[in-house]
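Participant: run.csv is the file, holding CSV, C-alpha atoms:
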```csv
chain,number,residue,atom,x,y,z
A,367,MET,CA,-29.4,-0.4,-6.2
A,368,ALA,CA,-27.9,1.5,-3.2
A,369,TYR,CA,-24.9,0.0,-1.6
A,370,ASN,CA,-23.2,0.5,1.8
A,371,VAL,CA,-19.5,0.1,1.8
A,372,LEU,CA,-16.9,-0.4,4.6
A,373,VAL,CA,-13.4,0.7,3.9
A,374,VAL,CA,-10.8,-1.1,6.1
A,375,ASP,CA,-7.2,0.3,6.1
A,376,ASP,CA,-4.8,1.5,8.8
A,377,SER,CA,-3.9,4.5,6.7
A,378,ARG,CA,-6.3,7.5,7.1
A,379,ILE,CA,-5.2,8.8,3.7
A,380,MET,CA,-5.8,5.5,2.0
A,381,ARG,CA,-9.2,5.2,3.6
A,382,ASP,CA,-10.1,8.6,2.2
A,383,MET,CA,-8.8,7.8,-1.2
A,384,VAL,CA,-10.6,4.5,-1.5
A,385,ALA,CA,-13.8,6.0,-0.1
A,386,LYS,CA,-13.6,8.9,-2.5
A,387,ALA,CA,-13.0,6.6,-5.5
A,388,VAL,CA,-16.1,4.5,-4.9
A,389,SER,CA,-18.3,7.4,-3.8
A,390,MET,CA,-17.6,9.4,-6.9
A,391,SER,CA,-18.3,6.5,-9.2
A,392,ASP,CA,-21.6,5.4,-10.7
A,393,LEU,CA,-21.7,2.3,-8.6
A,394,GLY,CA,-24.6,3.5,-6.5
A,395,ILE,CA,-22.7,3.8,-3.3
A,396,THR,CA,-24.9,5.6,-0.8
A,397,GLY,CA,-23.1,5.0,2.4
A,398,VAL,CA,-19.4,4.7,3.3
A,399,ASP,CA,-17.9,3.9,6.7
A,400,THR,CA,-14.3,3.1,7.7
A,401,ALA,CA,-12.3,0.9,10.1
A,402,ALA,CA,-8.6,1.0,10.9
A,403,ASP,CA,-8.0,-2.7,11.3
A,404,GLY,CA,-9.7,-6.1,10.9
A,405,GLN,CA,-11.0,-6.2,14.5
A,406,GLN,CA,-12.8,-2.8,14.2
A,407,ALA,CA,-14.2,-3.9,10.8
A,408,LEU,CA,-15.7,-7.1,12.3
A,409,ALA,CA,-17.3,-5.1,15.1
A,410,LYS,CA,-18.9,-2.7,12.6
A,411,LEU,CA,-20.1,-5.5,10.4
A,412,ARG,CA,-21.8,-7.1,13.4
A,413,GLU,CA,-23.6,-3.7,14.2
A,414,SER,CA,-24.6,-2.6,10.7
A,415,TRP,CA,-25.3,-4.0,7.3
A,416,PHE,CA,-22.6,-3.5,4.6
A,417,ASP,CA,-22.9,-4.8,1.1
A,418,LEU,CA,-19.2,-4.6,0.4
A,419,VAL,CA,-15.9,-4.4,2.2
A,420,LEU,CA,-12.8,-2.8,0.7
A,421,LEU,CA,-9.9,-4.4,2.6
A,422,ASP,CA,-6.2,-3.7,3.1
A,423,VAL,CA,-4.0,-6.6,4.1
A,424,ASN,CA,-1.1,-5.2,6.2
A,425,MET,CA,-2.7,-3.8,9.3
A,426,PRO,CA,-2.0,-4.0,13.0
A,427,VAL,CA,-4.2,-5.8,15.5
A,428,MET,CA,-5.8,-8.0,12.9
A,429,THR,CA,-4.5,-8.3,9.3
A,430,GLY,CA,-6.7,-8.3,6.3
A,431,GLU,CA,-6.2,-12.1,5.8
A,432,GLN,CA,-7.1,-12.8,9.5
A,433,PHE,CA,-10.2,-10.7,9.1
A,434,LEU,CA,-11.2,-12.5,5.9
A,435,VAL,CA,-10.8,-15.9,7.6
A,436,ALA,CA,-12.9,-14.7,10.6
A,437,LEU,CA,-15.5,-13.2,8.2
A,438,ARG,CA,-16.0,-16.4,6.3
A,439,ALA,CA,-16.3,-18.4,9.6
A,440,ASP,CA,-19.1,-16.2,10.8
A,441,LEU,CA,-22.4,-17.6,9.6
A,442,SER,CA,-24.1,-14.2,9.6
A,443,LEU,CA,-21.3,-12.5,7.7
A,444,ARG,CA,-19.8,-15.1,5.5
A,445,ASP,CA,-21.5,-14.0,2.3
A,446,THR,CA,-20.2,-10.4,2.6
A,447,LEU,CA,-18.5,-9.3,-0.7
A,448,VAL,CA,-14.9,-8.3,-0.3
A,449,VAL,CA,-12.4,-6.6,-2.5
A,450,VAL,CA,-8.8,-6.6,-1.2
A,451,VAL,CA,-7.0,-3.3,-2.0
A,452,SER,CA,-3.3,-3.8,-1.2
A,453,THR,CA,0.3,-3.6,-2.3
A,454,GLU,CA,0.4,-7.4,-1.8
A,455,SER,CA,2.3,-9.2,-4.6
A,456,SER,CA,3.0,-12.6,-3.0
A,457,GLN,CA,1.4,-15.1,-5.3
A,458,PRO,CA,0.7,-17.6,-2.5
A,459,ARG,CA,-1.0,-15.0,-0.3
A,460,ILE,CA,-3.1,-13.6,-3.2
A,461,ALA,CA,-4.2,-17.1,-4.0
A,462,ARG,CA,-5.4,-17.6,-0.4
A,463,LEU,CA,-7.3,-14.3,-0.5
A,464,LYS,CA,-9.0,-15.2,-3.7
A,465,ALA,CA,-9.8,-18.7,-2.5
A,466,LEU,CA,-11.6,-16.9,0.4
A,467,GLY,CA,-13.8,-15.2,-2.3
A,468,ALA,CA,-12.1,-11.8,-2.4
A,469,GLY,CA,-11.6,-9.7,-5.5
A,470,PHE,CA,-8.2,-8.0,-5.7
A,471,VAL,CA,-6.9,-4.6,-6.7
A,472,HIS,CA,-3.2,-3.7,-6.4
A,473,LYS,CA,-2.0,-0.5,-4.9
A,474,PRO,CA,-1.3,2.1,-6.3
A,475,PHE,CA,-4.6,1.9,-8.2
A,476,ARG,CA,-6.4,4.1,-10.6
A,477,PRO,CA,-10.0,4.8,-9.5
A,478,GLU,CA,-11.4,3.2,-12.6
A,479,GLU,CA,-9.5,-0.1,-11.7
A,480,LEU,CA,-11.2,-0.2,-8.3
A,481,VAL,CA,-14.6,0.6,-9.8
A,482,VAL,CA,-14.3,-2.2,-12.4
A,483,ALA,CA,-13.3,-4.7,-9.7
A,484,VAL,CA,-16.2,-3.7,-7.5
A,485,ARG,CA,-18.7,-3.7,-10.4
A,486,GLU,CA,-17.6,-7.2,-11.3
A,487,LEU,CA,-18.1,-8.5,-7.8
A,488,LEU,CA,-21.5,-6.7,-7.4
A,489,ALA,CA,-22.7,-8.3,-10.6
A,490,LYS,CA,-22.2,-11.8,-9.3
A,491,PRO,CA,-24.9,-13.7,-7.5
A,492,ARG,CA,-24.2,-13.1,-3.8
A,493,ALA,CA,-23.2,-16.6,-2.9
A,494,GLU,CA,-20.9,-16.8,-5.9
A,495,GLY,CA,-19.4,-13.5,-5.1
A,496,ALA,CA,-18.4,-14.6,-1.6
A,497,ALA,CA,-16.5,-17.7,-0.5
A,498,SER,CA,-17.9,-21.1,-1.5
B,320,MET,CA,30.1,9.3,-8.9
B,321,THR,CA,28.9,5.9,-10.2
B,322,ASP,CA,26.9,5.0,-13.3
B,323,THR,CA,25.1,2.2,-11.5
B,324,ILE,CA,21.5,1.8,-12.5
B,325,LEU,CA,19.5,1.0,-9.4
B,326,ARG,CA,17.0,-1.9,-9.7
B,327,GLY,CA,14.4,-0.1,-7.6
B,328,ASN,CA,14.2,3.0,-9.8
B,329,GLY,CA,11.4,1.5,-12.0
B,330,PRO,CA,9.0,0.3,-9.4
B,331,VAL,CA,9.6,3.3,-7.1
B,332,ALA,CA,9.0,5.8,-9.9
B,333,ALA,CA,5.8,4.0,-10.8
B,334,VAL,CA,4.5,4.2,-7.3
B,335,ALA,CA,5.4,7.9,-6.9
B,336,GLU,CA,3.7,8.7,-10.2
B,337,ASN,CA,0.6,6.6,-9.8
B,338,LEU,CA,0.0,7.2,-6.1
B,339,GLY,CA,1.5,10.7,-5.5
B,340,PHE,CA,1.0,12.1,-9.0
B,341,LEU,CA,4.6,13.1,-9.0
B,342,MET,CA,6.4,13.4,-12.3
B,343,PRO,CA,9.6,11.3,-12.7
B,344,MET,CA,12.3,13.2,-14.6
B,345,GLY,CA,15.1,10.6,-14.5
B,346,GLU,CA,17.5,8.7,-12.4
B,347,LEU,CA,20.0,10.3,-10.1
B,348,PRO,CA,23.5,8.9,-9.7
B,349,ALA,CA,23.3,5.9,-7.4
B,350,ASP,CA,25.4,7.7,-4.7
B,351,ALA,CA,23.8,11.1,-5.1
B,352,ALA,CA,23.5,13.0,-1.8
B,353,ILE,CA,20.1,14.6,-1.3
B,354,ALA,CA,18.9,17.0,1.3
B,355,CYS,CA,16.5,14.7,3.1
B,356,SER,CA,13.8,16.6,5.0
B,357,HIS,CA,11.8,13.5,5.7
B,358,VAL,CA,13.0,10.0,6.2
B,359,VAL,CA,10.4,7.2,6.7
B,360,LYS,CA,11.2,3.7,7.7
B,361,VAL,CA,9.1,0.6,7.1
B,362,ASP,CA,10.2,-2.5,9.0
B,363,TRP,CA,9.3,-5.8,7.4
B,364,PHE,CA,9.4,-9.5,8.3
B,365,GLY,CA,9.8,-12.1,5.6
B,366,PRO,CA,10.2,-15.9,5.2
B,367,ASP,CA,12.2,-18.0,7.6
B,368,GLY,CA,13.1,-15.2,10.0
B,369,THR,CA,14.3,-12.7,7.5
B,370,ASN,CA,13.7,-9.1,8.3
B,371,GLY,CA,14.8,-5.6,7.5
B,372,GLY,CA,13.8,-2.1,6.9
B,373,VAL,CA,13.1,0.2,3.9
B,374,PHE,CA,14.1,3.8,4.2
B,375,VAL,CA,12.4,6.3,2.0
B,376,CYS,CA,14.0,9.8,1.9
B,377,LEU,CA,12.4,12.8,0.4
B,378,ASP,CA,13.6,16.4,0.1
B,379,ARG,CA,11.3,19.1,1.2
B,380,PRO,CA,10.0,20.3,-2.1
B,381,LEU,CA,9.0,16.7,-3.0
B,382,ALA,CA,7.4,16.1,0.4
B,383,GLU,CA,5.3,19.2,0.1
B,384,ALA,CA,4.2,18.4,-3.4
B,385,LEU,CA,3.3,14.9,-2.4
B,386,ALA,CA,1.1,16.1,0.5
B,387,ALA,CA,-0.6,18.7,-1.7
B,388,ASN,CA,-1.3,16.1,-4.4
B,389,LEU,CA,-2.6,13.4,-2.1
B,390,LEU,CA,-4.8,15.7,-0.2
B,391,GLY,CA,-6.2,17.4,-3.3
B,392,ARG,CA,-5.0,20.9,-2.4
B,393,MET,CA,-5.2,23.7,-5.0
B,394,PRO,CA,-1.9,25.3,-6.1
B,395,GLY,CA,-0.7,27.7,-3.5
B,396,GLU,CA,-2.8,26.1,-0.8
B,397,PRO,CA,-0.6,25.3,2.2
B,398,VAL,CA,-0.1,21.9,3.8
B,399,SER,CA,0.7,21.4,7.4
B,400,GLU,CA,3.8,19.6,8.7
B,401,ALA,CA,1.6,16.9,10.1
B,402,GLU,CA,0.0,16.4,6.7
B,403,ILE,CA,3.5,16.2,5.1
B,404,GLU,CA,4.6,13.6,7.5
B,405,GLU,CA,1.4,11.6,7.1
B,406,THR,CA,1.6,11.5,3.3
B,407,ALA,CA,5.3,10.7,3.3
B,408,CYS,CA,4.5,7.7,5.5
B,409,GLU,CA,1.8,6.6,3.1
B,410,LEU,CA,4.2,6.9,0.1
B,411,ALA,CA,6.8,4.9,2.0
B,412,ASN,CA,4.3,2.2,2.8
B,413,VAL,CA,3.2,1.7,-0.8
B,414,ILE,CA,6.8,1.9,-2.1
B,415,SER,CA,7.9,-0.8,0.4
B,416,GLY,CA,5.0,-3.1,-0.6
B,417,ASN,CA,6.0,-2.8,-4.2
B,418,LEU,CA,9.7,-2.7,-4.0
B,419,LEU,CA,10.4,-5.9,-1.9
B,420,PRO,CA,8.7,-8.3,-4.4
B,421,ALA,CA,10.3,-6.4,-7.3
B,422,LEU,CA,13.7,-7.1,-5.8
B,423,TYR,CA,13.1,-10.6,-4.4
B,424,GLY,CA,10.2,-12.1,-6.4
B,425,THR,CA,6.6,-12.8,-5.7
B,426,ASP,CA,7.0,-16.2,-4.1
B,427,HIS,CA,7.9,-14.7,-0.7
B,428,GLU,CA,5.4,-13.2,1.8
B,429,PHE,CA,6.5,-10.0,3.3
B,430,HIS,CA,4.7,-8.5,6.3
B,431,LEU,CA,5.1,-4.8,6.5
B,432,GLN,CA,4.9,-2.9,9.8
B,433,SER,CA,3.4,0.6,10.1
B,434,PRO,CA,5.7,3.3,8.7
B,435,PHE,CA,7.4,5.8,11.0
B,436,LEU,CA,9.6,8.9,10.7
B,437,VAL,CA,13.2,8.7,11.6
B,438,THR,CA,16.0,11.4,11.9
B,439,PRO,CA,16.1,13.2,8.6
B,440,ALA,CA,19.6,12.2,7.5
B,441,ASP,CA,21.1,9.8,5.0
B,442,PRO,CA,20.2,6.4,6.6
B,443,GLY,CA,23.0,4.5,4.8
B,444,GLY,CA,22.2,1.0,3.9
B,445,ARG,CA,22.0,-0.3,0.3
B,446,ARG,CA,20.6,2.2,-2.2
B,447,GLU,CA,17.8,0.8,-4.3
B,448,ALA,CA,16.4,3.9,-6.0
B,449,ALA,CA,17.6,7.5,-6.5
B,450,LEU,CA,15.2,9.6,-8.5
B,451,GLN,CA,14.7,13.1,-9.7
B,452,PHE,CA,11.2,14.3,-10.0
B,453,LEU,CA,9.9,17.6,-11.4
B,454,GLU,CA,8.9,18.4,-7.8
B,455,GLY,CA,12.1,17.2,-6.0
B,456,GLN,CA,14.3,14.3,-5.2
B,457,LEU,CA,13.8,10.9,-3.6
B,458,VAL,CA,16.1,8.1,-2.4
B,459,VAL,CA,15.2,4.6,-1.2
B,460,ALA,CA,17.6,2.4,0.7
B,461,LEU,CA,17.4,-1.0,2.3
B,462,GLU,CA,18.7,-1.7,5.7
B,463,THR,CA,21.3,-4.4,5.2
B,464,VAL,CA,20.8,-7.6,7.2
B,465,PRO,CA,23.4,-10.2,6.1
B,466,ASP,CA,21.5,-13.3,7.2
B,467,ASN,CA,18.7,-12.4,4.7
B,468,SER,CA,20.9,-13.4,1.8
B,469,ARG,CA,20.7,-17.0,2.9
B,470,ILE,CA,17.0,-17.1,2.0
B,471,LEU,CA,16.2,-14.2,-0.2
B,472,ARG,CA,17.8,-14.2,-3.6
B,473,ARG,CA,17.6,-11.3,-5.9
B,474,ALA,CA,14.8,-12.0,-8.4
B,475,VAL,CA,16.3,-13.1,-11.8
B,476,GLY,CA,15.4,-11.1,-14.8
B,477,GLN,CA,14.0,-8.1,-12.9
B,478,PRO,CA,14.8,-4.8,-14.5
```
Turn this file's structure into structure tokens for me.
Facilitator:
Amino acid sequence: MAYNVLVVDDSRIMRDMVAKAVSMSDLGITGVDTAADGQQALAKLRESWFDLVLLDVNMPVMTGEQFLVALRADLSLRDTLVVVVSTESSQPRIARLKALGAGFVHKPFRPEELVVAVRELLAKPRAEGAAS
Amino acid sequence: MTDTILRGNGPVAAVAENLGFLMPMGELPADAAIACSHVVKVDWFGPDGTNGGVFVCLDRPLAEALAANLLGRMPGEPVSEAEIEETACELANVISGNLLPALYGTDHEFHLQSPFLVTPADPGGRREAALQFLEGQLVVALETVPDNSRILRRAVGQP
């Protein structure tokens, strides 16, 4: 399989790190694009197909949680697979993100941790991997 | 000189090591003065109107090493001042995201603003971490906002 990935983070450095971690893995990632906030990410998703979104939470303009709510409300995008990559530690917020069908990787992360989380999500049937 | 062990040393050292590939060598005295070359502030908002700021102060050798590590530079390859500032901000962002729940527990939701550089001087506030790395020194302080203590309590049992 070949996968297209969208990395969403307001930090250029973190976008590069996340993109490099998945690109250099054996996940079969053939395309990586980036966005600096949730609003940009939604615009890109409406223009092009992405198999997976790697998503920060604390971002200006539109946070990761706001993006995820909007994503799941959009009939054409709601089954998009999402892994949250964040420093987030609030148990209530993590629970909400997971209830929206997102995987979760805590920053700072080892590349292998991100790869494992992505692999687990990609292995699920698409409807199960996204929000119910 | 005090022998206070700062509660933030553990989580801050872990972030610096795992994100920045910096090598923690031990704790500095809580009131140690360091020659801050870069000070980054991260403002945050929390539950019920609480708010504050986290100051992350690096000396120049640490700031340069961090930039080189994060950008994958070879030994001896230079880093620009803009790159040093950018990577310092990234470190401060991840430190802040990890430090606040370590201090106050994981029941609260903290919203972090984008990090920004401030005047490179000791920012005062309450020291939460003071660390010596192989590469240089780092201090983290919290901007004290008295009203916060009404709502935020120090997490019990945290190291």
Participant: Counting all atoms listed in the file, which residues in chain A sit no more than 12 Å from chain B? For each one, give the nearest pair of atoms and the distance in Å, sorted by chain then residue number, as a Markdown table.
Facilitator:
```
| residue | atom | partner | partner_atom | distance |
| --- | --- | --- | --- | --- |
| A:Asp375 | CA | B:Ser433 | CA | 11.3 |
| A:Asp376 | CA | B:Ser433 | CA | 8.4 |
| A:Ser377 | CA | B:Glu409 | CA | 7.1 |
| A:Arg378 | CA | B:Glu405 | CA | 8.7 |
| A:Ile379 | CA | B:Thr406 | CA | 7.3 |
| A:Met380 | CA | B:Glu409 | CA | 7.8 |
| A:Arg381 | CA | B:Glu409 | CA | 11.1 |
| A:Asp382 | CA | B:Leu390 | CA | 9.2 |
| A:Met383 | CA | B:Leu389 | CA | 8.4 |
| A:Val384 | CA | B:Leu338 | CA | 11.9 |
| A:Lys386 | CA | B:Gly391 | CA | 11.3 |
| A:Asp403 | CA | B:Ser433 | CA | 11.9 |
| A:Asp422 | CA | B:Val413 | CA | 11.5 |
| A:Val423 | CA | B:His430 | CA | 9.2 |
| A:Asn424 | CA | B:Leu431 | CA | 6.2 |
| A:Met425 | CA | B:Ser433 | CA | 7.6 |
| A:Pro426 | CA | B:Ser433 | CA | 7.7 |
| A:Val427 | CA | B:Gln432 | CA | 11.1 |
| A:Thr429 | CA | B:His430 | CA | 9.7 |
| A:Gly430 | CA | B:His430 | CA | 11.4 |
| A:Glu431 | CA | B:His430 | CA | 11.5 |
| A:Val451 | CA | B:Val413 | CA | 11.4 |
| A:Ser452 | CA | B:Gly416 | CA | 8.4 |
| A:Thr453 | CA | B:Gly416 | CA | 5.0 |
| A:Glu454 | CA | B:Gly416 | CA | 6.4 |
| A:Ser455 | CA | B:Thr425 | CA | 5.7 |
| A:Ser456 | CA | B:Thr425 | CA | 4.5 |
| A:Gln457 | CA | B:Thr425 | CA | 5.7 |
| A:Pro458 | CA | B:Asp426 | CA | 6.6 |
| A:Arg459 | CA | B:Glu428 | CA | 7.0 |
| A:Ile460 | CA | B:Glu428 | CA | 9.9 |
| A:Ala461 | CA | B:Asp426 | CA | 11.2 |
| A:Arg462 | CA | B:Glu428 | CA | 11.9 |
| A:His472 | CA | B:Asn417 | CA | 9.5 |
| A:Lys473 | CA | B:Val413 | CA | 7.0 |
| A:Pro474 | CA | B:Leu338 | CA | 5.3 |
| A:Phe475 | CA | B:Asn337 | CA | 7.2 |
| A:Arg476 | CA | B:Asn337 | CA | 7.5 |
| A:Pro477 | CA | B:Asn337 | CA | 10.8 |
```
Participant: Rounded to one decimal place, report the CA of Pro439 (chain B)-CA of Lys360 (chain B) distance in Å.
Facilitator: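 Separating CA of Pro439 (chain B) from CA of Lys360 (chain B) is a distance of 10.7 Å.
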Participant: Given only C-alpha atoms as the basis, pick out the residue of B:Gly391, B:Pro330, B:Pro366, B:Pro465 nearest to Leu422 (chain B).
Facilitator: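 Of B:Gly391, B:Pro330, B:Pro366, B:Pro465, the one nearest Leu422 (chain B) is B:Pro330, counting only C-alpha atoms.
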Participant: What's around region 435-438 of chain B at 8 Å? Count all atoms listed in the file, leave out sequence neighbours fewer than 4 positions away in its own chain, and write the answer as number ranges by chain.
Facilitator: B: 357-361, 404, 408
Participant: Put those residues in a file: C-alpha atoms, as a PDB file, keeping the file's coordinate frame.
Facilitator:
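Saved result, again-v4.pdb, follows:
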```pdb
ATOM      1  CA  HIS B 357      11.800  13.500   5.700  1.00  0.00           C
ATOM      2  CA  VAL B 358      13.000  10.000   6.200  1.00  0.00           C
ATOM      3  CA  VAL B 359      10.400   7.200   6.700  1.00  0.00           C
ATOM      4  CA  LYS B 360      11.200   3.700   7.700  1.00  0.00           C
ATOM      5  CA  VAL B 361       9.100   0.600   7.100  1.00  0.00           C
ATOM      6  CA  GLU B 404       4.600  13.600   7.500  1.00  0.00           C
ATOM      7  CA  CYS B 408       4.500   7.700   5.500  1.00  0.00           C
TER       8      CYS B 408
END
```
Participant: Using CA of Val435 (chain A) and CA of Leu466 (chain A) as the two end points, give the distance in Å to one decimal.
Facilitator: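 Result for CA of Val435 (chain A) versus CA of Leu466 (chain A): 7.3 Å, one decimal.
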Participant: Mind giving me the straight-line distance from CA of Glu478 (chain A) to CA of Met367 (chain A) in Å, one decimal?
Facilitator: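 Taking CA of Glu478 (chain A) as the start and CA of Met367 (chain A) as the end point, the length is 19.4 Å.
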Participant: Name the residues in contact with Ala332 (chain B) at a cut-off of 12 Å, using only C-alpha atoms, excluding same-chain residues fewer than 6 positions from it; report them as a list of chain:residue names.
Facilitator: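 Skipping anything fewer than 6 positions along the chain leaves A:Pro474, B:Leu325, B:Arg326, B:Leu338, B:Gly339, B:Phe340, B:Leu341, B:Met342, B:Pro343, B:Met344, B:Gly345, B:Glu346, B:Leu347, B:Leu410, B:Val413, B:Ile414, B:Asn417, B:Leu418, B:Glu447, B:Ala448, B:Ala449, B:Leu450, B:Gln451, B:Phe452, B:Leu453, B:Gln456, B:Leu457, B:Val458, B:Val459.
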Participant: Do you know which residues are at most 12 Å from Leu447 (chain A) counting all atoms listed in the file, after dropping those on the same chain fewer than 4 positions away, and could you put them as a ChimeraX atom specification?
Facilitator: /A:369-372,411,415-421,434,437-438,443,464,466-470,483-498
Participant: Which residue, A:Ala401, A:Lys410, A:Ala436, A:Val481, has the smallest gap to Ala387 (chain A) when you use all atoms listed in the file?
Facilitator: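 Ranking A:Ala401, A:Lys410, A:Ala436, A:Val481 by distance to Ala387 (chain A), first place goes to A:Val481.
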Participant: Under the rule that only C-alpha atoms are counted, which of B:Ala384, B:Ala411, B:Val398, B:Met393 is the nearest residue to Glu454 (chain B)?
Facilitator: B:Ala384
